[in-house]
$ cat model-v6.cif   # mmCIF, C-alpha atoms and all ligand atoms
data_coords
loop_
_atom_site.label_atom_id
_atom_site.label_comp_id
_atom_site.auth_asym_id
_atom_site.auth_seq_id
_atom_site.Cartn_x
_atom_site.Cartn_y
_atom_site.Cartn_z
CA MET Q 259 -29.94 -4.96 -23.24
CA ILE Q 260 -32.71 -6.12 -25.56
CA GLN Q 261 -31.98 -9.47 -27.11
CA THR Q 262 -33.99 -11.73 -29.32
CA GLU Q 263 -35.08 -15.05 -27.87
CA ASN Q 264 -32.58 -17.81 -28.55
CA SER Q 265 -29.87 -15.37 -29.60
CA ILE Q 266 -26.30 -16.66 -29.74
CA THR Q 267 -25.56 -14.44 -26.77
CA ASN Q 268 -28.33 -15.89 -24.62
CA ASP Q 269 -27.14 -19.39 -25.43
CA LEU Q 270 -23.59 -18.47 -24.49
CA LEU Q 271 -24.73 -16.83 -21.26
CA ALA Q 272 -26.68 -19.94 -20.31
CA VAL Q 273 -23.60 -22.11 -20.85
CA ALA Q 274 -21.47 -19.60 -18.93
CA GLU Q 275 -23.79 -19.73 -15.96
CA LYS Q 276 -23.67 -23.50 -16.03
CA SER Q 277 -19.94 -23.99 -16.50
CA VAL Q 278 -17.88 -20.91 -15.52
CA LEU Q 279 -17.01 -20.76 -11.83
CA PHE Q 280 -18.55 -17.70 -10.26
CA THR Q 281 -15.89 -15.24 -9.12
CA ALA Q 282 -17.22 -11.95 -10.48
CA ARG Q 283 -20.52 -10.26 -11.25
CA ARG Q 284 -20.43 -9.81 -15.00
CA PRO Q 285 -22.92 -7.99 -17.24
CA ASP Q 286 -25.04 -10.02 -19.67
CA ILE Q 287 -22.78 -9.55 -22.66
CA VAL Q 288 -20.03 -11.66 -24.23
CA MET Q 289 -16.99 -9.93 -25.69
CA GLU Q 290 -15.94 -11.22 -29.06
CA ARG Q 291 -13.56 -8.90 -30.89
CA GLY Q 292 -11.30 -5.93 -30.28
CA GLU Q 293 -9.57 -3.33 -32.39
CA GLY Q 294 -7.81 -0.18 -31.21
CA MET Q 295 -10.02 1.68 -28.75
CA PHE Q 296 -13.03 -0.58 -29.32
CA LEU Q 297 -14.49 -3.90 -28.25
CA TRP Q 298 -17.45 -5.67 -29.90
CA ASP Q 299 -19.77 -8.13 -28.19
CA THR Q 300 -21.49 -11.15 -29.76
CA GLU Q 301 -24.50 -8.97 -30.67
CA GLY Q 302 -22.21 -6.78 -32.77
CA LYS Q 303 -22.54 -3.89 -30.34
CA ARG Q 304 -19.46 -1.64 -30.15
CA TYR Q 305 -17.93 -0.28 -26.93
CA LEU Q 306 -15.47 2.59 -26.57
CA ASP Q 307 -13.04 1.16 -24.04
CA PHE Q 308 -11.85 3.35 -21.15
CA VAL Q 309 -11.13 0.31 -18.97
CA GLY Q 310 -8.42 -1.06 -21.24
CA GLY Q 311 -8.58 -4.49 -19.64
CA TRP Q 312 -7.68 -2.77 -16.33
CA ALA Q 313 -4.67 -0.86 -17.63
CA VAL Q 314 -3.50 -3.83 -19.69
CA THR Q 315 -4.22 -3.13 -23.36
CA SER Q 316 -1.85 -0.16 -23.52
CA LEU Q 317 -1.51 -0.33 -27.31
CA GLY Q 318 -5.24 -0.81 -27.79
CA HIS Q 319 -6.94 -4.06 -28.78
CA SER Q 320 -5.19 -6.59 -31.03
CA PRO Q 321 -2.45 -4.15 -32.12
CA ALA Q 322 -0.63 -5.08 -35.32
CA VAL Q 323 2.80 -5.16 -33.65
CA LEU Q 324 1.58 -7.70 -31.10
CA GLN Q 325 -0.10 -9.86 -33.75
CA GLU Q 326 3.07 -9.87 -35.83
CA ALA Q 327 5.42 -10.55 -32.92
CA LEU Q 328 3.25 -13.40 -31.63
CA SER Q 329 2.74 -15.08 -34.99
CA ARG Q 330 6.42 -14.71 -35.91
CA GLN Q 331 7.48 -16.20 -32.57
CA ALA Q 332 4.78 -18.88 -32.65
CA SER Q 333 6.07 -20.17 -35.94
CA THR Q 334 9.66 -20.23 -34.60
CA LEU Q 335 9.39 -21.44 -30.98
CA VAL Q 336 6.40 -21.42 -28.64
CA HIS Q 337 8.01 -23.08 -25.64
CA ALA Q 338 11.26 -24.78 -24.77
CA SER Q 339 11.63 -24.87 -20.98
CA SER Q 340 12.39 -22.21 -18.44
CA GLY Q 341 15.44 -24.37 -17.75
CA TYR Q 342 16.99 -23.07 -20.98
CA TYR Q 343 17.70 -19.56 -22.19
CA ASN Q 344 15.83 -18.51 -25.30
CA LYS Q 345 16.61 -15.63 -27.64
CA PRO Q 346 13.58 -13.39 -26.98
CA MET Q 347 14.14 -13.81 -23.21
CA ILE Q 348 17.68 -12.44 -23.50
CA GLU Q 349 16.65 -9.65 -25.87
CA PHE Q 350 13.74 -8.53 -23.72
CA ALA Q 351 15.71 -8.68 -20.45
CA SER Q 352 18.38 -6.52 -22.03
CA LEU Q 353 15.91 -3.95 -23.40
CA LEU Q 354 13.86 -3.78 -20.19
CA THR Q 355 16.80 -3.45 -17.80
CA GLY Q 356 18.30 -0.84 -20.14
CA VAL Q 357 15.26 1.46 -20.08
CA SER Q 358 14.47 0.98 -16.38
CA GLY Q 359 17.94 1.54 -14.97
CA MET Q 360 17.74 -1.83 -13.21
CA ASP Q 361 20.26 -4.64 -13.80
CA LYS Q 362 18.44 -7.95 -13.66
CA ALA Q 363 15.03 -9.19 -14.77
CA PHE Q 364 12.93 -12.14 -13.64
CA PHE Q 365 9.85 -12.91 -15.71
CA ALA Q 366 6.49 -14.44 -14.79
CA SER Q 367 2.93 -14.36 -16.08
CA SER Q 368 0.89 -12.31 -13.59
CA GLY Q 369 1.42 -9.31 -11.38
CA ALA Q 370 0.83 -11.35 -8.23
CA GLU Q 371 3.68 -13.70 -9.21
CA ALA Q 372 6.04 -10.78 -9.79
CA ASN Q 373 5.16 -9.45 -6.33
CA GLU Q 374 5.58 -12.90 -4.76
CA SER Q 375 9.00 -12.89 -6.29
CA ALA Q 376 9.77 -9.47 -4.79
CA ILE Q 377 8.52 -10.65 -1.37
CA LYS Q 378 10.70 -13.75 -1.58
CA LEU Q 379 13.71 -11.69 -2.62
CA ALA Q 380 13.15 -9.32 0.31
CA ARG Q 381 12.93 -12.27 2.74
CA LYS Q 382 16.05 -13.81 1.21
CA HIS Q 383 17.84 -10.51 1.72
CA GLY Q 384 16.58 -10.45 5.30
CA ALA Q 385 17.71 -14.02 5.88
CA VAL Q 386 21.19 -13.49 4.46
CA TYR Q 387 22.03 -9.92 5.48
CA MET Q 388 19.60 -8.86 8.23
CA ASN Q 389 19.67 -11.63 10.82
CA GLY Q 390 16.53 -13.28 9.54
CA ALA Q 391 14.39 -10.14 9.29
CA TYR Q 392 11.27 -10.95 7.27
CA GLU Q 393 8.66 -8.29 7.88
CA ILE Q 394 7.57 -6.09 5.02
CA ILE Q 395 5.84 -2.76 5.51
CA THR Q 396 3.11 -2.02 2.97
CA LEU Q 397 0.41 0.65 2.69
CA ALA Q 398 -3.18 0.59 3.87
CA ASN Q 399 -5.47 0.50 0.81
CA GLY Q 400 -2.65 -0.79 -1.35
CA PHE Q 401 -3.14 -3.63 -3.78
CA HIS Q 402 -0.57 -6.29 -4.59
CA GLY Q 403 -2.51 -9.26 -5.97
CA ARG Q 404 -4.62 -12.29 -5.09
CA THR Q 405 -2.24 -15.08 -4.10
CA LEU Q 406 -2.17 -15.78 -0.35
CA ALA Q 407 1.03 -13.80 0.24
CA THR Q 408 0.08 -10.87 -1.98
CA MET Q 409 -3.40 -10.75 -0.42
CA SER Q 410 -1.66 -10.55 2.95
CA ALA Q 411 0.55 -7.77 1.59
CA THR Q 412 -2.53 -5.95 0.30
CA GLY Q 413 -3.86 -3.49 2.84
CA LYS Q 414 -7.50 -3.84 1.92
CA PRO Q 415 -9.66 -3.78 5.06
CA GLN Q 416 -12.32 -6.02 3.40
CA TRP Q 417 -9.72 -8.78 2.94
CA LYS Q 418 -8.57 -8.86 6.53
CA GLU Q 419 -10.55 -11.92 7.61
CA LEU Q 420 -10.47 -13.78 4.29
CA PHE Q 421 -8.78 -17.15 3.79
CA ALA Q 422 -7.26 -17.32 7.26
CA PRO Q 423 -4.62 -17.93 8.35
CA LYS Q 424 -2.91 -15.07 6.53
CA VAL Q 425 0.72 -15.20 5.46
CA ASP Q 426 2.57 -13.67 8.39
CA GLY Q 427 4.98 -10.75 8.17
CA PHE Q 428 3.14 -7.76 6.71
CA LYS Q 429 2.46 -4.47 8.46
CA HIS Q 430 0.17 -1.89 6.93
CA VAL Q 431 0.70 1.82 7.47
CA PRO Q 432 -1.29 4.81 6.17
CA ILE Q 433 -0.10 6.43 2.93
CA ASN Q 434 1.97 9.63 3.13
CA ASP Q 435 2.55 9.32 6.89
CA LEU Q 436 6.30 9.03 7.36
CA ASP Q 437 6.12 8.92 11.15
CA ALA Q 438 3.76 5.92 11.01
CA CYS Q 439 6.18 4.12 8.72
CA PHE Q 440 9.14 4.94 10.93
CA ALA Q 441 7.22 3.67 13.96
CA ALA Q 442 6.46 0.37 12.19
CA VAL Q 443 10.13 -0.42 11.47
CA THR Q 444 11.69 -2.99 13.80
CA ASN Q 445 14.78 -5.22 13.76
CA ASN Q 446 12.54 -7.65 11.96
CA THR Q 447 11.79 -5.39 8.94
CA CYS Q 448 13.49 -6.27 5.65
CA ALA Q 449 11.60 -4.13 3.12
CA ILE Q 450 9.02 -1.46 2.35
CA MET Q 451 6.73 -2.20 -0.57
CA LEU Q 452 4.28 0.22 -2.16
CA GLU Q 453 2.52 1.53 -5.25
CA LEU Q 454 3.47 5.09 -6.23
CA VAL Q 455 -0.10 5.73 -7.30
CA GLN Q 456 -2.49 3.31 -5.64
CA GLY Q 457 -4.55 1.91 -8.51
CA GLU Q 458 -7.24 -0.32 -7.01
CA GLY Q 459 -7.16 1.74 -3.82
CA GLY Q 460 -8.62 4.74 -5.63
CA VAL Q 461 -5.81 6.48 -7.58
CA ASN Q 462 -3.97 8.06 -4.66
CA ALA Q 463 -0.41 9.22 -5.33
CA VAL Q 464 2.38 9.24 -2.76
CA ASP Q 465 4.00 12.61 -1.97
CA GLU Q 466 7.51 13.35 -3.08
CA ALA Q 467 8.76 14.12 0.44
CA TYR Q 468 7.22 10.89 1.71
CA LEU Q 469 8.89 8.76 -0.95
CA TYR Q 470 12.17 10.52 -0.32
CA GLY Q 471 11.74 9.68 3.37
CA LEU Q 472 11.06 6.01 2.60
CA ARG Q 473 14.20 5.86 0.47
CA LYS Q 474 16.20 7.29 3.39
CA ILE Q 475 14.72 4.84 5.92
CA CYS Q 476 15.56 1.92 3.64
CA ASP Q 477 19.11 3.16 3.08
CA MET Q 478 19.58 3.75 6.79
CA TYR Q 479 18.61 0.19 7.80
CA GLY Q 480 19.71 -1.65 4.65
CA MET Q 481 16.11 -2.59 3.80
CA LEU Q 482 14.79 -3.04 0.27
CA LEU Q 483 12.53 -0.41 -1.26
CA ILE Q 484 10.08 -2.19 -3.56
CA PHE Q 485 7.92 -0.28 -6.06
CA ASP Q 486 4.89 -2.19 -7.30
CA GLU Q 487 4.50 -0.53 -10.72
CA ILE Q 488 2.27 -3.26 -12.08
CA GLN Q 489 -0.41 -0.67 -12.81
CA THR Q 490 1.66 2.54 -13.00
CA GLY Q 491 4.52 1.24 -15.15
CA MET Q 492 4.99 1.02 -18.91
CA GLY Q 493 3.94 4.58 -19.72
CA ARG Q 494 0.63 4.60 -17.84
CA THR Q 495 1.31 7.71 -15.72
CA GLY Q 496 2.92 9.81 -18.44
CA LYS Q 497 6.46 8.56 -17.84
CA LEU Q 498 7.72 5.09 -18.72
CA PHE Q 499 7.85 4.38 -14.95
CA ALA Q 500 6.05 6.37 -12.26
CA TYR Q 501 9.22 6.63 -10.16
CA GLU Q 502 10.62 8.99 -12.82
CA HIS Q 503 8.09 11.59 -11.59
CA TYR Q 504 9.86 11.48 -8.22
CA GLY Q 505 13.48 10.93 -9.22
CA ILE Q 506 13.75 8.19 -6.59
CA ASN Q 507 14.93 4.71 -7.55
CA PRO Q 508 13.74 1.41 -6.09
CA ASP Q 509 15.83 -1.65 -5.24
CA VAL Q 510 13.12 -3.86 -6.67
CA LEU Q 511 10.56 -2.95 -9.32
CA THR Q 512 7.59 -5.10 -10.31
CA LEU Q 513 5.78 -4.74 -13.63
CA GLY Q 514 2.70 -6.39 -15.07
CA LYS Q 515 -0.53 -5.43 -16.81
CA GLY Q 516 0.52 -3.11 -19.68
CA ILE Q 517 3.90 -4.82 -20.09
CA GLY Q 518 2.41 -7.53 -22.33
CA GLY Q 519 -0.24 -5.36 -23.99
CA GLY Q 520 -2.75 -8.14 -23.23
CA PHE Q 521 -0.43 -11.15 -23.34
CA PRO Q 522 0.05 -12.58 -19.82
CA LEU Q 523 3.43 -11.26 -18.69
CA SER Q 524 5.00 -9.73 -15.61
CA ALA Q 525 8.48 -8.93 -14.41
CA MET Q 526 10.48 -8.33 -11.28
CA LEU Q 527 13.55 -6.18 -11.77
CA THR Q 528 16.34 -5.58 -9.32
CA THR Q 529 19.90 -4.36 -9.12
CA ALA Q 530 23.00 -6.56 -9.41
CA LYS Q 531 23.48 -6.25 -5.66
CA TYR Q 532 20.27 -8.20 -4.97
CA ASP Q 533 20.86 -11.05 -7.41
CA LEU Q 534 20.37 -13.38 -4.43
CA PHE Q 535 18.35 -16.44 -5.44
CA GLU Q 536 20.00 -19.87 -5.51
CA PRO Q 537 18.88 -22.37 -8.16
CA GLY Q 538 15.45 -23.78 -7.32
CA GLU Q 539 14.39 -20.98 -4.98
CA GLN Q 540 12.45 -19.05 -7.58
CA GLY Q 541 11.08 -19.93 -10.99
CA GLY Q 542 8.14 -21.43 -12.81
CA THR Q 543 7.12 -23.37 -15.87
CA TYR Q 544 6.32 -20.25 -17.90
CA CYS Q 545 9.01 -17.90 -16.63
CA GLY Q 546 10.59 -16.19 -19.63
CA ALA Q 547 8.65 -18.25 -22.17
CA PRO Q 548 9.37 -17.23 -25.78
CA LEU Q 549 5.88 -16.04 -26.75
CA ALA Q 550 5.57 -13.78 -23.71
CA MET Q 551 9.07 -12.43 -24.23
CA ALA Q 552 8.41 -11.63 -27.88
CA ALA Q 553 5.17 -9.89 -26.87
CA GLY Q 554 6.90 -7.84 -24.17
CA TYR Q 555 9.69 -6.81 -26.51
CA ALA Q 556 7.28 -5.72 -29.25
CA VAL Q 557 5.09 -3.76 -26.82
CA LEU Q 558 8.00 -1.94 -25.20
CA GLN Q 559 9.59 -1.11 -28.53
CA GLU Q 560 6.30 0.36 -29.75
CA LEU Q 561 5.83 2.33 -26.49
CA LEU Q 562 9.28 3.85 -26.94
CA GLU Q 563 9.08 4.46 -30.68
CA ARG Q 564 5.74 6.27 -30.45
CA ASN Q 565 6.57 7.94 -27.13
CA LEU Q 566 3.25 6.73 -25.77
CA ALA Q 567 4.24 7.80 -22.25
CA GLY Q 568 4.46 11.40 -23.46
CA HIS Q 569 1.20 10.92 -25.34
CA ALA Q 570 -0.43 9.58 -22.15
CA GLU Q 571 0.65 12.74 -20.31
CA VAL Q 572 -0.87 15.04 -22.94
CA GLN Q 573 -4.11 13.05 -23.35
CA GLY Q 574 -4.44 12.70 -19.58
CA GLN Q 575 -4.32 16.47 -19.23
CA TYR Q 576 -6.91 16.87 -21.98
CA LEU Q 577 -9.16 14.35 -20.23
CA ILE Q 578 -8.76 16.12 -16.88
CA ASN Q 579 -9.68 19.45 -18.48
CA GLY Q 580 -12.79 17.86 -20.01
CA LEU Q 581 -13.80 16.38 -16.66
CA ARG Q 582 -13.30 19.76 -14.98
CA LYS Q 583 -15.68 21.34 -17.49
CA LEU Q 584 -18.20 18.54 -16.95
CA SER Q 585 -17.91 19.01 -13.19
CA LEU Q 586 -19.44 22.49 -13.54
CA GLY Q 587 -22.79 20.89 -14.38
CA PHE Q 588 -22.57 17.48 -12.72
CA PRO Q 589 -21.50 16.05 -9.33
CA ILE Q 590 -17.91 15.18 -10.25
CA SER Q 591 -15.32 15.90 -7.58
CA ASN Q 592 -11.73 15.20 -6.62
CA ILE Q 593 -10.47 14.62 -10.16
CA ARG Q 594 -7.05 13.06 -9.71
CA GLY Q 595 -4.29 10.88 -11.09
CA LYS Q 596 -1.32 11.00 -13.40
CA GLY Q 597 -1.16 10.46 -17.14
CA LEU Q 598 -3.90 8.02 -18.10
CA LEU Q 599 -4.45 6.59 -14.62
CA LEU Q 600 -7.30 8.86 -13.55
CA ALA Q 601 -10.23 8.83 -11.18
CA PHE Q 602 -12.94 11.08 -9.82
CA ASP Q 603 -15.57 10.85 -7.11
CA VAL Q 604 -19.32 10.82 -7.60
CA PRO Q 605 -22.12 10.80 -5.00
CA GLU Q 606 -22.21 7.58 -2.92
CA GLY Q 607 -23.82 4.73 -4.81
CA THR Q 608 -23.97 6.40 -8.24
CA GLY Q 609 -20.62 5.08 -9.56
CA THR Q 610 -21.95 1.59 -10.20
CA GLU Q 611 -25.09 3.07 -11.76
CA LEU Q 612 -23.09 5.41 -14.02
CA ALA Q 613 -20.87 2.56 -15.23
CA ALA Q 614 -24.00 0.51 -16.01
CA ILE Q 615 -25.62 3.35 -18.00
CA CYS Q 616 -22.36 3.95 -19.89
CA LEU Q 617 -22.20 0.24 -20.75
CA ARG Q 618 -25.67 0.51 -22.28
CA GLU Q 619 -24.55 3.60 -24.17
CA GLY Q 620 -21.48 1.83 -25.55
CA LEU Q 621 -18.78 3.11 -23.19
CA LEU Q 622 -16.72 1.03 -20.77
CA ILE Q 623 -15.67 2.76 -17.56
CA ASN Q 624 -14.70 1.21 -14.24
CA SER Q 625 -16.24 1.88 -10.84
CA PRO Q 626 -13.86 0.26 -8.32
CA HIS Q 627 -15.98 1.67 -5.48
CA PRO Q 628 -19.64 2.77 -5.60
CA ALA Q 629 -18.60 6.42 -5.20
CA MET Q 630 -15.75 6.45 -7.68
CA ILE Q 631 -15.02 6.18 -11.39
CA ARG Q 632 -11.59 5.14 -12.63
CA LEU Q 633 -10.40 5.74 -16.19
CA VAL Q 634 -7.49 3.70 -17.59
CA PRO Q 635 -7.90 3.77 -21.37
CA PRO Q 636 -5.34 2.40 -23.82
CA LEU Q 637 -2.39 4.78 -24.16
CA ILE Q 638 -3.22 5.29 -27.85
CA VAL Q 639 -6.41 7.21 -26.95
CA THR Q 640 -6.99 10.33 -29.10
CA THR Q 641 -8.63 13.64 -28.22
CA ARG Q 642 -11.56 12.54 -30.40
CA ASP Q 643 -12.02 9.38 -28.34
CA ILE Q 644 -11.93 11.53 -25.21
CA ASP Q 645 -14.53 13.91 -26.63
CA ASP Q 646 -16.77 10.94 -27.48
CA MET Q 647 -16.25 9.51 -24.00
CA LEU Q 648 -17.10 12.81 -22.29
CA HIS Q 649 -20.20 13.14 -24.45
CA ILE Q 650 -21.49 9.71 -23.38
CA LEU Q 651 -20.57 10.41 -19.75
CA ARG Q 652 -22.58 13.65 -19.89
CA ARG Q 653 -25.58 11.74 -21.23
CA ALA Q 654 -25.15 9.15 -18.48
CA PHE Q 655 -25.20 11.86 -15.80
CA GLU Q 656 -28.34 13.33 -17.41
CA GLN Q 657 -30.05 9.92 -17.33
CA LEU Q 658 -28.99 9.44 -13.75
CA ASN Q 659 -30.80 12.66 -12.86
CA THR Q 660 -34.04 11.66 -14.53
CA GLN Q 661 -34.13 8.13 -13.13
C1 LIG D 1 -3.27 -5.66 -10.87
C2 LIG D 1 -2.26 -5.42 -9.85
C3 LIG D 1 -1.57 -6.48 -9.24
C4 LIG D 1 -1.90 -7.93 -9.51
O1 LIG D 1 -1.68 -8.29 -10.84
P1 LIG D 1 -2.33 -9.65 -11.39
O2 LIG D 1 -1.82 -9.74 -12.81
O3 LIG D 1 -3.80 -9.48 -11.32
O4 LIG D 1 -1.85 -10.76 -10.54
C5 LIG D 1 -0.60 -6.18 -8.32
N1 LIG D 1 -0.30 -4.90 -8.01
C6 LIG D 1 -0.93 -3.85 -8.59
C7 LIG D 1 -0.52 -2.47 -8.24
C8 LIG D 1 -1.94 -4.07 -9.52
O5 LIG D 1 -2.59 -3.04 -10.06
#
$ encode --input "model-v6.cif" --output "structure tokens" --more "lines below"
Ligand SMILES: *Cc1c(COP(=O)(O)O)cnc(C)c1O
Amino acid sequence: MIQTENSITNDLLAVAEKSVLFTARRPDIVMERGEGMFLWDTEGKRYLDFVGGWAVTSLGHSPAVLQEALSRQASTLVHASSGYYNKPMIEFASLLTGVSGMDKAFFASSGAEANESAIKLARKHGAVYMNGAYEIITLANGFHGRTLATMSATGKPQWKELFAPKVDGFKHVPINDLDACFAAVTNNTCAIMLELVQGEGGVNAVDEAYLYGLRKICDMYGMLLIFDEIQTGMGRTGKLFAYEHYGINPDVLTLGKGIGGGFPLSAMLTTAKYDLFEPGEQGGTYCGAPLAMAAGYAVLQELLERNLAGHAEVQGQYLINGLRKLSLGFPISNIRGKGLLLAFDVPEGTGTELAAICLREGLLINSPHPAMIRLVPPLIVTTRDIDDMLHILRRAFEQLNTQ
């Protein structure tokens, strides 16, 4: 990016380098403002956003309903204590359990916390009803978060040696291999935990027969079946929850990302049968805090009212069709995903390059691996946005060829 000497952006970047702890390679831009499908940086440059804050900004950037809900709640009550009920907490728990078919909701701020909660609930279940069983089976290439326990649950080969010693009690098995899962079950297993479409792992969906098999194994041994729908939930895959595609219900469901539309919020839902925590065993300062609850309620109501899950299904199909057409002229392969959680493969090494060219051209796309592009735009995306996106992507492929 060409910037004038001493621009505001350069000053900010210098301060960032000096004072922000390095945990990610970030491009030399500073985001300043968002509206709908677009973000603007401090140079006033506009970006069409097909990253959506990593499947978070489901209603687009700074949606009116979220602004209103937050300012209304902020002027009423920002925080009491998670030791007291508050009105939005009760209202949101009721709405969320109602639409998900679950009975009970626990709220937190990040996906990792919701999964920690699910892991603790599974171990509690094991301790009380399964002779102390504590092992949880998860999938290779899954992703469950970045706390110590959720990193241990995550089946990412690159993380294997990190931050030793790992939290004990997780076994990873390959996706869609029922025999491998069966073989991993012992007297010590209390739960199976998985994503229905692996998000970070590359947008790989589980098969229907496989999921049916997992449900049966869990029922047979009295183990919990935990669906991590932090990325797939809240309309992302074309249904409100991805498990609706399969018609198979979990015992525990975790939600995050899109649930707050950008406000930090996550949830763990379960059935009345597994309402097992004693006071003090699970909680947190911000669990069920009024602002987050008001945000979650407003986002869910908007998702339902506008049927954004249905919209995601239709737009996802349109996007897939566009990518198929583009793949006739460019090296795009293995187009996959559900709703607006999509990915495709590109030649090794070019994913990162493509994302960088698109950034220059004013389009945000995500390359989770150097040979892959993932698309997770806000659920409000229109066919026109998709046409614009495909146009820029085509130009990026053309530039890639001439470089
Ligand atoms: C993002 C993600 C998480 C972790 O959520 P955080 O809010 O980053 O803690 C867990 N599971 C899945 C499937 C995710 O996509």
$ residues_near_ligand --input "model-v6.cif" --ligand "ligand LIG 1 (chain D)" --cutoff "7 Å" --atoms "only C-alpha atoms and all ligand atoms" --output "ChimeraX atom specification"
/Q:368-371,373,401-404,453,456-458,486-489,514-515
$ atom_distance --input "model-v6.cif" --atom1 "atom CA of Q:Ala525" --atom2 "atom CA of Q:Gln540"
12.8 Å
$ atom_distance --input "model-v6.cif" --atom1 "atom CA of Q:Met451" --atom2 "atom CA of Q:Ile394"
6.9 Å
$ closest_atom_pairs --input "model-v6.cif" --of "stretch 452-471 of chain Q" --to "stretch 599-618 of chain Q" --cutoff "12 Å" --atoms "all atoms listed in the file" --output "tab-separated table"
residue	atom	partner	partner_atom	distance
Q:Leu454	CA	Q:Leu599	CA	11.6
Q:Val455	CA	Q:Leu599	CA	8.6
Q:Gln456	CA	Q:Leu599	CA	9.8
Q:Gly457	CA	Q:Leu599	CA	7.7
Q:Glu458	CA	Q:Ala601	CA	10.5
Q:Gly459	CA	Q:Ala601	CA	10.7
Q:Gly460	CA	Q:Ala601	CA	7.1
Q:Val461	CA	Q:Ala601	CA	6.2
Q:Asn462	CA	Q:Ala601	CA	9.1
Q:Ala463	CA	Q:Leu599	CA	10.5
$ atom_distance --input "model-v6.cif" --atom1 "atom CA of Q:Leu566" --atom2 "atom CA of Q:Asp465"
24.5 Å
$ residues_around --input "model-v6.cif" --residues "Q:Arg381" --least-positions-apart "2" --cutoff "12 Å" --atoms "all atoms listed in the file" --output "mmCIF file with C-alpha atoms, in the coordinates of the input"
data_model
loop_
_atom_site.group_PDB
_atom_site.id
_atom_site.type_symbol
_atom_site.label_atom_id
_atom_site.label_comp_id
_atom_site.auth_asym_id
_atom_site.auth_seq_id
_atom_site.Cartn_x
_atom_site.Cartn_y
_atom_site.Cartn_z
ATOM 1 C CA GLU Q 374 5.580 -12.900 -4.760
ATOM 2 C CA SER Q 375 9.000 -12.890 -6.290
ATOM 3 C CA ALA Q 376 9.770 -9.470 -4.790
ATOM 4 C CA ILE Q 377 8.520 -10.650 -1.370
ATOM 5 C CA LYS Q 378 10.700 -13.750 -1.580
ATOM 6 C CA LEU Q 379 13.710 -11.690 -2.620
ATOM 7 C CA HIS Q 383 17.840 -10.510 1.720
ATOM 8 C CA GLY Q 384 16.580 -10.450 5.300
ATOM 9 C CA ALA Q 385 17.710 -14.020 5.880
ATOM 10 C CA VAL Q 386 21.190 -13.490 4.460
ATOM 11 C CA TYR Q 387 22.030 -9.920 5.480
ATOM 12 C CA MET Q 388 19.600 -8.860 8.230
ATOM 13 C CA ASN Q 389 19.670 -11.630 10.820
ATOM 14 C CA GLY Q 390 16.530 -13.280 9.540
ATOM 15 C CA ALA Q 391 14.390 -10.140 9.290
ATOM 16 C CA TYR Q 392 11.270 -10.950 7.270
ATOM 17 C CA GLU Q 393 8.660 -8.290 7.880
ATOM 18 C CA ILE Q 394 7.570 -6.090 5.020
ATOM 19 C CA ASP Q 426 2.570 -13.670 8.390
ATOM 20 C CA GLY Q 427 4.980 -10.750 8.170
ATOM 21 C CA PHE Q 428 3.140 -7.760 6.710
ATOM 22 C CA ASN Q 446 12.540 -7.650 11.960
ATOM 23 C CA THR Q 447 11.790 -5.390 8.940
ATOM 24 C CA CYS Q 448 13.490 -6.270 5.650
ATOM 25 C CA ALA Q 449 11.600 -4.130 3.120
ATOM 26 C CA ILE Q 450 9.020 -1.460 2.350
ATOM 27 C CA MET Q 481 16.110 -2.590 3.800
ATOM 28 C CA LEU Q 482 14.790 -3.040 0.270
ATOM 29 C CA TYR Q 532 20.270 -8.200 -4.970
ATOM 30 C CA LEU Q 534 20.370 -13.380 -4.430
ATOM 31 C CA PHE Q 535 18.350 -16.440 -5.440
ATOM 32 C CA GLU Q 539 14.390 -20.980 -4.980
#
$ residues_around --input "model-v6.cif" --residues "stretch 644-657 of chain Q" --least-positions-apart "5" --cutoff "10 Å" --atoms "only C-alpha atoms" --output "compact mmCIF listing (two decimals) with C-alpha atoms, in the frame of the given file"
# COMPACT_ATOMS: atom_id res chain seq x y z
CA LEU Q 306 -15.47 2.59 -26.57
CA ASP Q 307 -13.04 1.16 -24.04
CA PHE Q 308 -11.85 3.35 -21.15
CA GLN Q 573 -4.11 13.05 -23.35
CA GLY Q 574 -4.44 12.70 -19.58
CA TYR Q 576 -6.91 16.87 -21.98
CA LEU Q 577 -9.16 14.35 -20.23
CA GLY Q 580 -12.79 17.86 -20.01
CA LEU Q 581 -13.80 16.38 -16.66
CA LYS Q 583 -15.68 21.34 -17.49
CA LEU Q 584 -18.20 18.54 -16.95
CA SER Q 585 -17.91 19.01 -13.19
CA GLY Q 587 -22.79 20.89 -14.38
CA PHE Q 588 -22.57 17.48 -12.72
CA PRO Q 589 -21.50 16.05 -9.33
CA ILE Q 590 -17.91 15.18 -10.25
CA THR Q 608 -23.97 6.40 -8.24
CA GLU Q 611 -25.09 3.07 -11.76
CA LEU Q 612 -23.09 5.41 -14.02
CA ALA Q 613 -20.87 2.56 -15.23
CA ALA Q 614 -24.00 0.51 -16.01
CA ILE Q 615 -25.62 3.35 -18.00
CA CYS Q 616 -22.36 3.95 -19.89
CA LEU Q 617 -22.20 0.24 -20.75
CA ARG Q 618 -25.67 0.51 -22.28
CA GLU Q 619 -24.55 3.60 -24.17
CA GLY Q 620 -21.48 1.83 -25.55
CA LEU Q 621 -18.78 3.11 -23.19
CA LEU Q 622 -16.72 1.03 -20.77
CA ILE Q 623 -15.67 2.76 -17.56
CA PRO Q 635 -7.90 3.77 -21.37
CA VAL Q 639 -6.41 7.21 -26.95
$ closest_residue --input "model-v6.cif" --among "Q:Ser524, Q:Asn344, Q:Arg594, Q:Asp269" --to "Q:Arg582" --atoms "only C-alpha atoms"
Q:Arg594
